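Listing of run.cif; format and content: mmCIF, N, CA and C atoms and all ligand atoms.
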data_final
#
loop_
_atom_site.group_PDB
_atom_site.id
_atom_site.type_symbol
_atom_site.label_atom_id
_atom_site.label_comp_id
_atom_site.auth_asym_id
_atom_site.auth_seq_id
_atom_site.Cartn_x
_atom_site.Cartn_y
_atom_site.Cartn_z
ATOM 1 N N MET A 230 0.848 -1.188 0.000
ATOM 2 C CA MET A 230 0.000 0.000 0.000
ATOM 3 C C MET A 230 0.890 1.246 0.000
ATOM 4 N N SER A 231 1.445 1.584 -1.113
ATOM 5 C CA SER A 231 2.323 2.750 -1.176
ATOM 6 C C SER A 231 1.748 3.793 -2.113
ATOM 7 N N ALA A 232 1.453 4.969 -1.579
ATOM 8 C CA ALA A 232 0.888 6.038 -2.401
ATOM 9 C C ALA A 232 1.904 6.548 -3.402
ATOM 10 N N GLN A 233 3.179 6.342 -3.125
ATOM 11 C CA GLN A 233 4.212 6.872 -4.003
ATOM 12 C C GLN A 233 4.206 6.175 -5.362
ATOM 13 N N ALA A 234 3.682 4.972 -5.414
ATOM 14 C CA ALA A 234 3.687 4.217 -6.662
ATOM 15 C C ALA A 234 2.665 4.760 -7.657
ATOM 16 N N CYS A 235 1.774 5.612 -7.209
ATOM 17 C CA CYS A 235 0.707 6.124 -8.072
ATOM 18 C C CYS A 235 0.902 7.614 -8.316
ATOM 19 N N THR A 236 0.779 8.002 -9.576
ATOM 20 C CA THR A 236 0.960 9.416 -9.938
ATOM 21 C C THR A 236 -0.369 10.081 -10.289
ATOM 22 N N HIS A 237 -1.480 9.450 -9.895
ATOM 23 C CA HIS A 237 -2.790 9.945 -10.314
ATOM 24 C C HIS A 237 -3.611 10.548 -9.179
ATOM 25 N N LEU A 238 -2.964 10.754 -8.032
ATOM 26 C CA LEU A 238 -3.721 11.229 -6.876
ATOM 27 C C LEU A 238 -4.319 12.614 -7.122
ATOM 28 N N ASP A 239 -3.708 13.397 -8.022
ATOM 29 C CA ASP A 239 -4.273 14.729 -8.280
ATOM 30 C C ASP A 239 -5.536 14.664 -9.130
ATOM 31 N N GLU A 240 -5.900 13.466 -9.605
ATOM 32 C CA GLU A 240 -7.158 13.318 -10.338
ATOM 33 C C GLU A 240 -8.356 13.151 -9.409
ATOM 34 N N ILE A 241 -8.068 12.961 -8.137
ATOM 35 C CA ILE A 241 -9.166 12.686 -7.205
ATOM 36 C C ILE A 241 -9.973 13.950 -6.945
ATOM 37 N N LYS A 242 -11.247 13.884 -7.301
ATOM 38 C CA LYS A 242 -12.145 15.016 -7.103
ATOM 39 C C LYS A 242 -13.195 14.711 -6.030
ATOM 40 N N VAL A 243 -13.442 13.441 -5.797
ATOM 41 C CA VAL A 243 -14.468 13.040 -4.834
ATOM 42 C C VAL A 243 -13.820 12.959 -3.458
ATOM 43 N N ARG A 244 -14.136 13.909 -2.600
ATOM 44 C CA ARG A 244 -13.554 13.952 -1.255
ATOM 45 C C ARG A 244 -14.560 13.531 -0.202
ATOM 46 N N GLU A 245 -15.815 13.468 -0.596
ATOM 47 C CA GLU A 245 -16.850 13.044 0.335
ATOM 48 C C GLU A 245 -17.693 11.978 -0.346
ATOM 49 N N LEU A 246 -17.812 10.841 0.293
ATOM 50 C CA LEU A 246 -18.580 9.750 -0.296
ATOM 51 C C LEU A 246 -20.065 10.037 -0.171
ATOM 52 N N PRO A 247 -20.874 9.586 -1.134
ATOM 53 C CA PRO A 247 -22.328 9.770 -1.026
ATOM 54 C C PRO A 247 -22.874 9.029 0.185
ATOM 55 N N ALA A 248 -23.943 9.560 0.769
ATOM 56 C CA ALA A 248 -24.525 8.944 1.970
ATOM 57 C C ALA A 248 -25.130 7.585 1.651
ATOM 58 N N ALA A 249 -25.653 7.448 0.437
ATOM 59 C CA ALA A 249 -26.271 6.185 0.040
ATOM 60 C C ALA A 249 -26.290 6.098 -1.476
ATOM 61 N N VAL A 250 -26.183 4.879 -1.990
ATOM 62 C CA VAL A 250 -26.348 4.649 -3.426
ATOM 63 C C VAL A 250 -27.316 3.489 -3.613
ATOM 64 N N ASP A 251 -27.889 3.409 -4.817
ATOM 65 C CA ASP A 251 -28.874 2.365 -5.095
ATOM 66 C C ASP A 251 -28.237 1.091 -5.628
ATOM 67 N N GLY A 252 -26.947 1.161 -5.966
ATOM 68 C CA GLY A 252 -26.275 0.003 -6.549
ATOM 69 C C GLY A 252 -25.396 0.465 -7.701
ATOM 70 N N CYS A 253 -24.908 -0.473 -8.485
ATOM 71 C CA CYS A 253 -24.116 -0.136 -9.673
ATOM 72 C C CYS A 253 -25.020 0.598 -10.660
ATOM 73 N N GLU A 254 -24.660 1.830 -11.015
ATOM 74 C CA GLU A 254 -25.576 2.605 -11.851
ATOM 75 C C GLU A 254 -25.740 1.999 -13.245
ATOM 76 N N ASP A 255 -24.712 1.340 -13.757
ATOM 77 C CA ASP A 255 -24.839 0.717 -15.078
ATOM 78 C C ASP A 255 -25.673 -0.558 -15.021
ATOM 79 N N CYS A 256 -25.494 -1.341 -13.944
ATOM 80 C CA CYS A 256 -26.343 -2.533 -13.778
ATOM 81 C C CYS A 256 -27.810 -2.146 -13.613
ATOM 82 N N LEU A 257 -28.050 -1.080 -12.850
ATOM 83 C CA LEU A 257 -29.432 -0.660 -12.642
ATOM 84 C C LEU A 257 -30.075 -0.270 -13.974
ATOM 85 N N ARG A 258 -29.270 0.304 -14.868
ATOM 86 C CA ARG A 258 -29.801 0.742 -16.158
ATOM 87 C C ARG A 258 -30.128 -0.445 -17.055
ATOM 88 N N ILE A 259 -29.320 -1.500 -16.990
ATOM 89 C CA ILE A 259 -29.520 -2.624 -17.921
ATOM 90 C C ILE A 259 -30.165 -3.841 -17.259
ATOM 91 N N GLY A 260 -30.489 -3.709 -15.969
ATOM 92 C CA GLY A 260 -31.079 -4.841 -15.277
ATOM 93 C C GLY A 260 -30.062 -5.910 -14.908
ATOM 94 N N GLY A 261 -28.784 -5.507 -14.782
ATOM 95 C CA GLY A 261 -27.731 -6.452 -14.424
ATOM 96 C C GLY A 261 -27.611 -6.638 -12.930
ATOM 97 N N LYS A 262 -26.753 -7.546 -12.528
ATOM 98 C CA LYS A 262 -26.548 -7.846 -11.116
ATOM 99 C C LYS A 262 -25.082 -7.644 -10.765
ATOM 100 N N TRP A 263 -24.859 -6.994 -9.612
ATOM 101 C CA TRP A 263 -23.493 -6.736 -9.172
ATOM 102 C C TRP A 263 -23.194 -7.519 -7.915
ATOM 103 N N LEU A 264 -21.883 -7.715 -7.681
ATOM 104 C CA LEU A 264 -21.459 -8.366 -6.446
ATOM 105 C C LEU A 264 -20.987 -7.311 -5.446
ATOM 106 N N HIS A 265 -19.907 -6.600 -5.785
ATOM 107 C CA HIS A 265 -19.393 -5.550 -4.916
ATOM 108 C C HIS A 265 -19.371 -4.218 -5.663
ATOM 109 N N LEU A 266 -19.491 -3.129 -4.896
ATOM 110 C CA LEU A 266 -19.573 -1.806 -5.508
ATOM 111 C C LEU A 266 -18.268 -1.031 -5.351
ATOM 112 N N ARG A 267 -17.956 -0.266 -6.381
ATOM 113 C CA ARG A 267 -16.764 0.587 -6.415
ATOM 114 C C ARG A 267 -17.174 1.974 -6.878
ATOM 115 N N ILE A 268 -16.503 2.998 -6.338
ATOM 116 C CA ILE A 268 -16.813 4.356 -6.773
ATOM 117 C C ILE A 268 -15.580 4.983 -7.423
ATOM 118 N N CYS A 269 -15.794 5.657 -8.530
ATOM 119 C CA CYS A 269 -14.714 6.366 -9.217
ATOM 120 C C CYS A 269 -14.419 7.648 -8.443
ATOM 121 N N LEU A 270 -13.167 7.840 -8.065
ATOM 122 C CA LEU A 270 -12.830 9.014 -7.260
ATOM 123 C C LEU A 270 -12.589 10.253 -8.120
ATOM 124 N N ALA A 271 -12.669 10.108 -9.425
ATOM 125 C CA ALA A 271 -12.569 11.290 -10.285
ATOM 126 C C ALA A 271 -13.938 11.923 -10.517
ATOM 127 N N CYS A 272 -14.981 11.101 -10.649
ATOM 128 C CA CYS A 272 -16.291 11.650 -11.034
ATOM 129 C C CYS A 272 -17.442 11.126 -10.186
ATOM 130 N N GLY A 273 -17.206 10.156 -9.333
ATOM 131 C CA GLY A 273 -18.278 9.649 -8.483
ATOM 132 C C GLY A 273 -19.119 8.557 -9.120
ATOM 133 N N HIS A 274 -18.746 8.081 -10.295
ATOM 134 C CA HIS A 274 -19.471 6.976 -10.932
ATOM 135 C C HIS A 274 -19.424 5.734 -10.040
ATOM 136 N N VAL A 275 -20.580 5.106 -9.851
ATOM 137 C CA VAL A 275 -20.639 3.883 -9.056
ATOM 138 C C VAL A 275 -20.751 2.693 -9.993
ATOM 139 N N GLY A 276 -19.769 1.801 -9.920
ATOM 140 C CA GLY A 276 -19.760 0.624 -10.778
ATOM 141 C C GLY A 276 -19.563 -0.633 -9.961
ATOM 142 N N CYS A 277 -19.477 -1.760 -10.646
ATOM 143 C CA CYS A 277 -19.340 -3.028 -9.949
ATOM 144 C C CYS A 277 -17.958 -3.634 -10.183
ATOM 145 N N CYS A 278 -17.583 -4.536 -9.275
ATOM 146 C CA CYS A 278 -16.233 -5.086 -9.223
ATOM 147 C C CYS A 278 -15.992 -6.114 -10.325
ATOM 148 N N ASP A 279 -14.762 -6.582 -10.404
ATOM 149 C CA ASP A 279 -14.401 -7.552 -11.441
ATOM 150 C C ASP A 279 -14.939 -8.948 -11.167
ATOM 151 N N SER A 280 -15.497 -9.174 -9.985
ATOM 152 C CA SER A 280 -16.156 -10.451 -9.722
ATOM 153 C C SER A 280 -17.630 -10.399 -10.116
ATOM 154 N N SER A 281 -18.085 -9.237 -10.554
ATOM 155 C CA SER A 281 -19.451 -9.092 -11.036
ATOM 156 C C SER A 281 -19.489 -9.437 -12.517
ATOM 157 N N PRO A 282 -20.647 -9.895 -13.017
ATOM 158 C CA PRO A 282 -20.713 -10.327 -14.418
ATOM 159 C C PRO A 282 -20.338 -9.220 -15.409
ATOM 160 N N ASN A 283 -20.664 -7.994 -15.104
ATOM 161 C CA ASN A 283 -20.478 -6.923 -16.092
ATOM 162 C C ASN A 283 -19.271 -6.021 -15.848
ATOM 163 N N ARG A 284 -18.622 -6.139 -14.713
ATOM 164 C CA ARG A 284 -17.368 -5.415 -14.433
ATOM 165 C C ARG A 284 -17.428 -3.945 -14.817
ATOM 166 N N HIS A 285 -18.431 -3.250 -14.312
ATOM 167 C CA HIS A 285 -18.648 -1.876 -14.770
ATOM 168 C C HIS A 285 -17.623 -0.880 -14.251
ATOM 169 N N ALA A 286 -16.981 -1.150 -13.125
ATOM 170 C CA ALA A 286 -15.948 -0.223 -12.648
ATOM 171 C C ALA A 286 -14.768 -0.232 -13.611
ATOM 172 N N THR A 287 -14.348 -1.421 -14.031
ATOM 173 C CA THR A 287 -13.258 -1.517 -14.998
ATOM 174 C C THR A 287 -13.690 -0.956 -16.348
ATOM 175 N N ALA A 288 -14.933 -1.222 -16.746
ATOM 176 C CA ALA A 288 -15.448 -0.673 -18.007
ATOM 177 C C ALA A 288 -15.429 0.849 -17.970
ATOM 178 N N HIS A 289 -15.753 1.430 -16.809
ATOM 179 C CA HIS A 289 -15.739 2.887 -16.663
ATOM 180 C C HIS A 289 -14.319 3.423 -16.847
ATOM 181 N N TYR A 290 -13.355 2.708 -16.309
ATOM 182 C CA TYR A 290 -11.958 3.122 -16.507
ATOM 183 C C TYR A 290 -11.596 3.100 -17.992
ATOM 184 N N HIS A 291 -11.983 2.060 -18.695
ATOM 185 C CA HIS A 291 -11.642 1.975 -20.112
ATOM 186 C C HIS A 291 -12.348 3.062 -20.929
ATOM 187 N N GLU A 292 -13.551 3.443 -20.495
ATOM 188 C CA GLU A 292 -14.291 4.474 -21.222
ATOM 189 C C GLU A 292 -13.749 5.873 -20.955
ATOM 190 N N THR A 293 -13.321 6.111 -19.722
ATOM 191 C CA THR A 293 -13.037 7.493 -19.307
ATOM 192 C C THR A 293 -11.570 7.741 -18.974
ATOM 193 N N SER A 294 -10.784 6.682 -18.765
ATOM 194 C CA SER A 294 -9.401 6.786 -18.271
ATOM 195 C C SER A 294 -9.331 7.340 -16.854
ATOM 196 N N HIS A 295 -10.439 7.366 -16.135
ATOM 197 C CA HIS A 295 -10.399 7.753 -14.719
ATOM 198 C C HIS A 295 -9.656 6.665 -13.954
ATOM 199 N N ALA A 296 -8.536 7.029 -13.334
ATOM 200 C CA ALA A 296 -7.596 6.010 -12.884
ATOM 201 C C ALA A 296 -7.958 5.345 -11.558
ATOM 202 N N ILE A 297 -8.544 6.104 -10.641
ATOM 203 C CA ILE A 297 -8.622 5.590 -9.269
ATOM 204 C C ILE A 297 -10.059 5.343 -8.832
ATOM 205 N N MET A 298 -10.297 4.169 -8.318
ATOM 206 C CA MET A 298 -11.598 3.855 -7.736
ATOM 207 C C MET A 298 -11.402 3.408 -6.300
ATOM 208 N N ARG A 299 -12.495 3.454 -5.546
ATOM 209 C CA ARG A 299 -12.449 3.083 -4.140
ATOM 210 C C ARG A 299 -13.562 2.093 -3.870
ATOM 211 N N SER A 300 -13.320 1.183 -2.961
ATOM 212 C CA SER A 300 -14.379 0.258 -2.573
ATOM 213 C C SER A 300 -15.474 0.999 -1.828
ATOM 214 N N LEU A 301 -16.727 0.610 -2.090
ATOM 215 C CA LEU A 301 -17.855 1.150 -1.327
ATOM 216 C C LEU A 301 -18.409 0.115 -0.354
ATOM 217 N N GLU A 302 -17.734 -1.013 -0.238
ATOM 218 C CA GLU A 302 -18.221 -2.069 0.654
ATOM 219 C C GLU A 302 -18.052 -1.652 2.106
ATOM 220 N N PRO A 303 -19.000 -2.034 2.967
ATOM 221 C CA PRO A 303 -18.914 -1.664 4.388
ATOM 222 C C PRO A 303 -17.596 -2.120 5.006
ATOM 223 N N GLY A 304 -16.932 -1.217 5.704
ATOM 224 C CA GLY A 304 -15.702 -1.557 6.388
ATOM 225 C C GLY A 304 -14.470 -1.583 5.500
ATOM 226 N N GLU A 305 -14.631 -1.314 4.203
ATOM 227 C CA GLU A 305 -13.475 -1.306 3.296
ATOM 228 C C GLU A 305 -13.161 0.132 2.901
ATOM 229 N N ASP A 306 -11.879 0.490 2.996
ATOM 230 C CA ASP A 306 -11.518 1.861 2.624
ATOM 231 C C ASP A 306 -10.336 1.895 1.661
ATOM 232 N N TRP A 307 -10.092 0.777 0.996
ATOM 233 C CA TRP A 307 -8.974 0.747 0.054
ATOM 234 C C TRP A 307 -9.392 1.302 -1.306
ATOM 235 N N SER A 308 -8.384 1.817 -1.985
ATOM 236 C CA SER A 308 -8.580 2.299 -3.346
ATOM 237 C C SER A 308 -7.622 1.557 -4.269
ATOM 238 N N TRP A 309 -7.848 1.717 -5.571
ATOM 239 C CA TRP A 309 -7.060 0.987 -6.556
ATOM 240 C C TRP A 309 -6.815 1.888 -7.754
ATOM 241 N N CYS A 310 -5.570 1.932 -8.202
ATOM 242 C CA CYS A 310 -5.274 2.675 -9.424
ATOM 243 C C CYS A 310 -5.192 1.694 -10.579
ATOM 244 N N PHE A 311 -6.081 1.850 -11.555
ATOM 245 C CA PHE A 311 -6.115 0.948 -12.707
ATOM 246 C C PHE A 311 -4.856 1.086 -13.564
ATOM 247 N N VAL A 312 -4.315 2.296 -13.629
ATOM 248 C CA VAL A 312 -3.163 2.531 -14.502
ATOM 249 C C VAL A 312 -1.913 1.888 -13.914
ATOM 250 N N ASP A 313 -1.663 2.171 -12.638
ATOM 251 C CA ASP A 313 -0.456 1.653 -11.994
ATOM 252 C C ASP A 313 -0.655 0.252 -11.440
ATOM 253 N N GLU A 314 -1.917 -0.201 -11.412
ATOM 254 C CA GLU A 314 -2.265 -1.502 -10.854
ATOM 255 C C GLU A 314 -1.685 -1.662 -9.463
ATOM 256 N N VAL A 315 -2.035 -0.693 -8.621
ATOM 257 C CA VAL A 315 -1.514 -0.693 -7.267
ATOM 258 C C VAL A 315 -2.632 -0.312 -6.294
ATOM 259 N N GLY A 316 -2.647 -0.975 -5.149
ATOM 260 C CA GLY A 316 -3.590 -0.634 -4.101
ATOM 261 C C GLY A 316 -3.130 0.611 -3.369
ATOM 262 N N LEU A 317 -4.092 1.436 -2.946
ATOM 263 C CA LEU A 317 -3.759 2.708 -2.319
ATOM 264 C C LEU A 317 -4.584 2.888 -1.053
ATOM 265 N N ALA A 318 -4.018 3.606 -0.102
ATOM 266 C CA ALA A 318 -4.798 4.099 1.026
ATOM 267 C C ALA A 318 -4.879 5.606 0.836
ATOM 268 N N VAL A 319 -5.985 6.067 0.263
ATOM 269 C CA VAL A 319 -6.142 7.494 -0.027
ATOM 270 C C VAL A 319 -6.695 8.182 1.203
ATOM 271 N N SER A 320 -5.946 9.135 1.723
ATOM 272 C CA SER A 320 -6.407 9.846 2.910
ATOM 273 C C SER A 320 -7.229 11.066 2.501
ATOM 274 N N GLY A 321 -7.971 11.599 3.465
ATOM 275 C CA GLY A 321 -8.720 12.823 3.213
ATOM 276 C C GLY A 321 -10.047 12.608 2.533
ATOM 277 N N ILE A 322 -10.572 11.394 2.586
ATOM 278 C CA ILE A 322 -11.897 11.133 2.035
ATOM 279 C C ILE A 322 -12.830 10.809 3.191
ATOM 280 N N SER A 323 -13.921 11.568 3.279
ATOM 281 C CA SER A 323 -14.815 11.406 4.413
ATOM 282 C C SER A 323 -16.133 10.786 3.977
ATOM 283 N N GLY A 324 -16.880 10.362 4.963
ATOM 284 C CA GLY A 324 -18.203 9.823 4.689
ATOM 285 C C GLY A 324 -18.192 8.311 4.581
ATOM 286 N N GLU A 325 -19.378 7.759 4.741
ATOM 287 C CA GLU A 325 -19.556 6.313 4.597
ATOM 288 C C GLU A 325 -20.848 6.108 3.827
ATOM 289 N N THR A 326 -20.819 5.191 2.883
ATOM 290 C CA THR A 326 -21.946 5.038 1.967
ATOM 291 C C THR A 326 -22.789 3.833 2.352
ATOM 292 N N ARG A 327 -24.084 4.072 2.462
ATOM 293 C CA ARG A 327 -25.010 2.971 2.683
ATOM 294 C C ARG A 327 -25.308 2.322 1.332
ATOM 295 N N ILE A 328 -25.109 1.019 1.232
ATOM 296 C CA ILE A 328 -25.359 0.330 -0.034
ATOM 297 C C ILE A 328 -26.369 -0.789 0.169
ATOM 298 N N PRO A 329 -27.134 -1.086 -0.865
ATOM 299 C CA PRO A 329 -28.080 -2.198 -0.754
ATOM 300 C C PRO A 329 -27.330 -3.522 -0.820
ATOM 301 N N PRO A 330 -27.941 -4.602 -0.325
ATOM 302 C CA PRO A 330 -27.303 -5.909 -0.449
ATOM 303 C C PRO A 330 -27.128 -6.280 -1.916
ATOM 304 N N SER A 331 -26.082 -7.025 -2.214
ATOM 305 C CA SER A 331 -25.846 -7.448 -3.580
ATOM 306 C C SER A 331 -26.987 -8.316 -4.092
ATOM 307 N N PRO A 332 -27.456 -8.076 -5.324
ATOM 308 C CA PRO A 332 -28.487 -8.950 -5.898
ATOM 309 C C PRO A 332 -27.964 -10.375 -6.106
ATOM 310 N N LEU A 333 -26.670 -10.549 -6.090
ATOM 311 C CA LEU A 333 -26.096 -11.893 -6.255
ATOM 312 C C LEU A 333 -25.922 -12.586 -4.922
ATOM 313 N N GLY A 334 -26.219 -11.882 -3.847
ATOM 314 C CA GLY A 334 -26.102 -12.475 -2.520
ATOM 315 C C GLY A 334 -24.653 -12.677 -2.158
HETATM 316 ZN ZN ZN A 401 -1.954 5.817 -10.482
HETATM 317 ZN ZN ZN A 402 -22.464 -3.101 -12.870
HETATM 318 ZN ZN ZN A 403 -15.090 8.363 -13.345
#
Take the structure from the file and write it as structure tokens.
Amino acid sequence: MSAQACTHLDEIKVRELPAAVDGCEDCLRIGGKWLHLRICLACGHVGCCDSSPNRHATAHYHETSHAIMRSLEPGEDWSWCFVDEVGLAVSGISGETRIPPSPLG
């Protein structure tokens, strides 16, 4: 967990997590099912993890080049840089997000 390995920290615009989300916004649009939720720290897009069928967080990175996402799972505060492929502990982000249970259980 070394922040020095990532050069994208200045892309982080989301400093406060939403109080609640309804789920992966792309899955909700297409009727898909997610396992775990991730939030893009550049724009606040909520997507699903790579263990989900549609992998919308990674798809969002490929569409937008937004490098850093953070877990929205309860009790998890790690972030991940897609470009550097490195786990990060990003400080200075407040709030905790209420999420619905995964439709995949
Ligand atoms: Zn990076
Ligand atoms: Zn999704
Ligand atoms: Zn984004």
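For the pair atom CA of Leu333 of chain A and atom CA of Cys269 of chain A, the separation is 21.7 Å.
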Could you tell me, as a VMD selection string, exactly which residues end up selected when the PyMOL selection byres (((chain A and resi 245 and name CA) around 7) and not hetatm and name CA) is applied to this structure? chain A and resid 243 to 244 246 to 247 322 to 324
Counting only N, CA and C atoms and all ligand atoms, what residues are within 6.5 Å of ligand ZN 401 (chain A), given as a compact mmCIF listing (two decimals) with N, CA and C atoms, in the coordinates of the input?
# COMPACT_ATOMS: atom_id res chain seq x y z
N ALA A 234 3.68 4.97 -5.41
CA ALA A 234 3.69 4.22 -6.66
C ALA A 234 2.66 4.76 -7.66
N CYS A 235 1.77 5.61 -7.21
CA CYS A 235 0.71 6.12 -8.07
C CYS A 235 0.90 7.61 -8.32
N THR A 236 0.78 8.00 -9.58
CA THR A 236 0.96 9.42 -9.94
C THR A 236 -0.37 10.08 -10.29
N HIS A 237 -1.48 9.45 -9.90
CA HIS A 237 -2.79 9.94 -10.31
C HIS A 237 -3.61 10.55 -9.18
N LEU A 238 -2.96 10.75 -8.03
CA LEU A 238 -3.72 11.23 -6.88
C LEU A 238 -4.32 12.61 -7.12
N ALA A 296 -8.54 7.03 -13.33
CA ALA A 296 -7.60 6.01 -12.88
C ALA A 296 -7.96 5.34 -11.56
N CYS A 310 -5.57 1.93 -8.20
CA CYS A 310 -5.27 2.68 -9.42
C CYS A 310 -5.19 1.69 -10.58
N PHE A 311 -6.08 1.85 -11.56
CA PHE A 311 -6.12 0.95 -12.71
C PHE A 311 -4.86 1.09 -13.56
N VAL A 312 -4.32 2.30 -13.63
CA VAL A 312 -3.16 2.53 -14.50
C VAL A 312 -1.91 1.89 -13.91
N ASP A 313 -1.66 2.17 -12.64
CA ASP A 313 -0.46 1.65 -11.99
C ASP A 313 -0.66 0.25 -11.44
N GLU A 314 -1.92 -0.20 -11.41
CA GLU A 314 -2.26 -1.50 -10.85
C GLU A 314 -1.68 -1.66 -9.46
So which residues are near ligand ZN 403 (chain A), meaning at most 6.5 Å away with all atoms listed in the file counted, given back as a list in words? Cys269, Leu270, Ala271, Cys272, Gly273, His274, His289, Thr293 and His295 of chain A
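The space between atom C of Arg267 of chain A and atom N of Pro330 of chain A spans 14.2 Å.
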For atom CA of Glu325 of chain A and atom CA of Lys242 of chain A, determine how far apart the two atoms are, in Å to one decimal place.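 Calculated distance between atom CA of Glu325 of chain A and atom CA of Lys242 of chain A is 16.4 Å.
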Running DSSP on the backbone, which parts of chain A land in helix (DSSP H, G or I), as a PyMOL selection string? chain A and resi 232-234+238-240+254-259+285-293
Return as JSON, numbers by chain the residues of protein, DNA or RNA that approach ligand ZN 402 (chain A) to within 7 Å, with all atoms listed in the file taken into account. {"A": [252, 253, 254, 255, 256, 257, 261, 262, 263, 264, 275, 276, 277, 278, 281, 282, 283, 284, 285, 286]}
Export N, CA and C atoms of the chosen residues as a PDB file, in the frame of the given file?
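And here is the file that came out, part.pdb:
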ATOM      1  N   GLY A 252     -26.947   1.161  -5.966  1.00  0.00           N
ATOM      2  CA  GLY A 252     -26.275   0.003  -6.549  1.00  0.00           C
ATOM      3  C   GLY A 252     -25.396   0.465  -7.701  1.00  0.00           C
ATOM      4  N   CYS A 253     -24.908  -0.473  -8.485  1.00  0.00           N
ATOM      5  CA  CYS A 253     -24.116  -0.136  -9.673  1.00  0.00           C
ATOM      6  C   CYS A 253     -25.020   0.598 -10.660  1.00  0.00           C
ATOM      7  N   GLU A 254     -24.660   1.830 -11.015  1.00  0.00           N
ATOM      8  CA  GLU A 254     -25.576   2.605 -11.851  1.00  0.00           C
ATOM      9  C   GLU A 254     -25.740   1.999 -13.245  1.00  0.00           C
ATOM     10  N   ASP A 255     -24.712   1.340 -13.757  1.00  0.00           N
ATOM     11  CA  ASP A 255     -24.839   0.717 -15.078  1.00  0.00           C
ATOM     12  C   ASP A 255     -25.673  -0.558 -15.021  1.00  0.00           C
ATOM     13  N   CYS A 256     -25.494  -1.341 -13.944  1.00  0.00           N
ATOM     14  CA  CYS A 256     -26.343  -2.533 -13.778  1.00  0.00           C
ATOM     15  C   CYS A 256     -27.810  -2.146 -13.613  1.00  0.00           C
ATOM     16  N   LEU A 257     -28.050  -1.080 -12.850  1.00  0.00           N
ATOM     17  CA  LEU A 257     -29.432  -0.660 -12.642  1.00  0.00           C
ATOM     18  C   LEU A 257     -30.075  -0.270 -13.974  1.00  0.00           C
ATOM     19  N   GLY A 261     -28.784  -5.507 -14.782  1.00  0.00           N
ATOM     20  CA  GLY A 261     -27.731  -6.452 -14.424  1.00  0.00           C
ATOM     21  C   GLY A 261     -27.611  -6.638 -12.930  1.00  0.00           C
ATOM     22  N   LYS A 262     -26.753  -7.546 -12.528  1.00  0.00           N
ATOM     23  CA  LYS A 262     -26.548  -7.846 -11.116  1.00  0.00           C
ATOM     24  C   LYS A 262     -25.082  -7.644 -10.765  1.00  0.00           C
ATOM     25  N   TRP A 263     -24.859  -6.994  -9.612  1.00  0.00           N
ATOM     26  CA  TRP A 263     -23.493  -6.736  -9.172  1.00  0.00           C
ATOM     27  C   TRP A 263     -23.194  -7.519  -7.915  1.00  0.00           C
ATOM     28  N   LEU A 264     -21.883  -7.715  -7.681  1.00  0.00           N
ATOM     29  CA  LEU A 264     -21.459  -8.366  -6.446  1.00  0.00           C
ATOM     30  C   LEU A 264     -20.987  -7.311  -5.446  1.00  0.00           C
ATOM     31  N   VAL A 275     -20.580   5.106  -9.851  1.00  0.00           N
ATOM     32  CA  VAL A 275     -20.639   3.883  -9.056  1.00  0.00           C
ATOM     33  C   VAL A 275     -20.751   2.693  -9.993  1.00  0.00           C
ATOM     34  N   GLY A 276     -19.769   1.801  -9.920  1.00  0.00           N
ATOM     35  CA  GLY A 276     -19.760   0.624 -10.778  1.00  0.00           C
ATOM     36  C   GLY A 276     -19.563  -0.633  -9.961  1.00  0.00           C
ATOM     37  N   CYS A 277     -19.477  -1.760 -10.646  1.00  0.00           N
ATOM     38  CA  CYS A 277     -19.340  -3.028  -9.949  1.00  0.00           C
ATOM     39  C   CYS A 277     -17.958  -3.634 -10.183  1.00  0.00           C
ATOM     40  N   CYS A 278     -17.583  -4.536  -9.275  1.00  0.00           N
ATOM     41  CA  CYS A 278     -16.233  -5.086  -9.223  1.00  0.00           C
ATOM     42  C   CYS A 278     -15.992  -6.114 -10.325  1.00  0.00           C
ATOM     43  N   SER A 281     -18.085  -9.237 -10.554  1.00  0.00           N
ATOM     44  CA  SER A 281     -19.451  -9.092 -11.036  1.00  0.00           C
ATOM     45  C   SER A 281     -19.489  -9.437 -12.517  1.00  0.00           C
ATOM     46  N   PRO A 282     -20.647  -9.895 -13.017  1.00  0.00           N
ATOM     47  CA  PRO A 282     -20.713 -10.327 -14.418  1.00  0.00           C
ATOM     48  C   PRO A 282     -20.338  -9.220 -15.409  1.00  0.00           C
ATOM     49  N   ASN A 283     -20.664  -7.994 -15.104  1.00  0.00           N
ATOM     50  CA  ASN A 283     -20.478  -6.923 -16.092  1.00  0.00           C
ATOM     51  C   ASN A 283     -19.271  -6.021 -15.848  1.00  0.00           C
ATOM     52  N   ARG A 284     -18.622  -6.139 -14.713  1.00  0.00           N
ATOM     53  CA  ARG A 284     -17.368  -5.415 -14.433  1.00  0.00           C
ATOM     54  C   ARG A 284     -17.428  -3.945 -14.817  1.00  0.00           C
ATOM     55  N   HIS A 285     -18.431  -3.250 -14.312  1.00  0.00           N
ATOM     56  CA  HIS A 285     -18.648  -1.876 -14.770  1.00  0.00           C
ATOM     57  C   HIS A 285     -17.623  -0.880 -14.251  1.00  0.00           C
ATOM     58  N   ALA A 286     -16.981  -1.150 -13.125  1.00  0.00           N
ATOM     59  CA  ALA A 286     -15.948  -0.223 -12.648  1.00  0.00           C
ATOM     60  C   ALA A 286     -14.768  -0.232 -13.611  1.00  0.00           C
TER      61      ALA A 286
END
Going by DSSP on the backbone, which residues of chain A come out as strand (DSSP E or B)? List them as a PyMOL selection string. chain A and resi 245+249+266-269+275-277+297-300+308-310+315-317+323+327
6 Å per side around segment 317-322 of chain A: axis-aligned box centre and edge lengths, as JSON:
{"center_x": -8.3, "center_y": 7.1, "center_z": 0.3, "size_x": 21.1, "size_y": 23.4, "size_z": 18.4}
Tell me, as a PyMOL selection string, which residues lie within 8 Å of Ala249 of chain A, counting only C-alpha atoms; anything in the same chain fewer than 5 positions away does not count. chain A and resi 326-328
On this file, the PyMOL selection byres (((chain A and resi 308) around 6) and not hetatm) gives some set of residues; write that set as a ChimeraX atom specification. /A:298-300,306-307,309-310,315-319
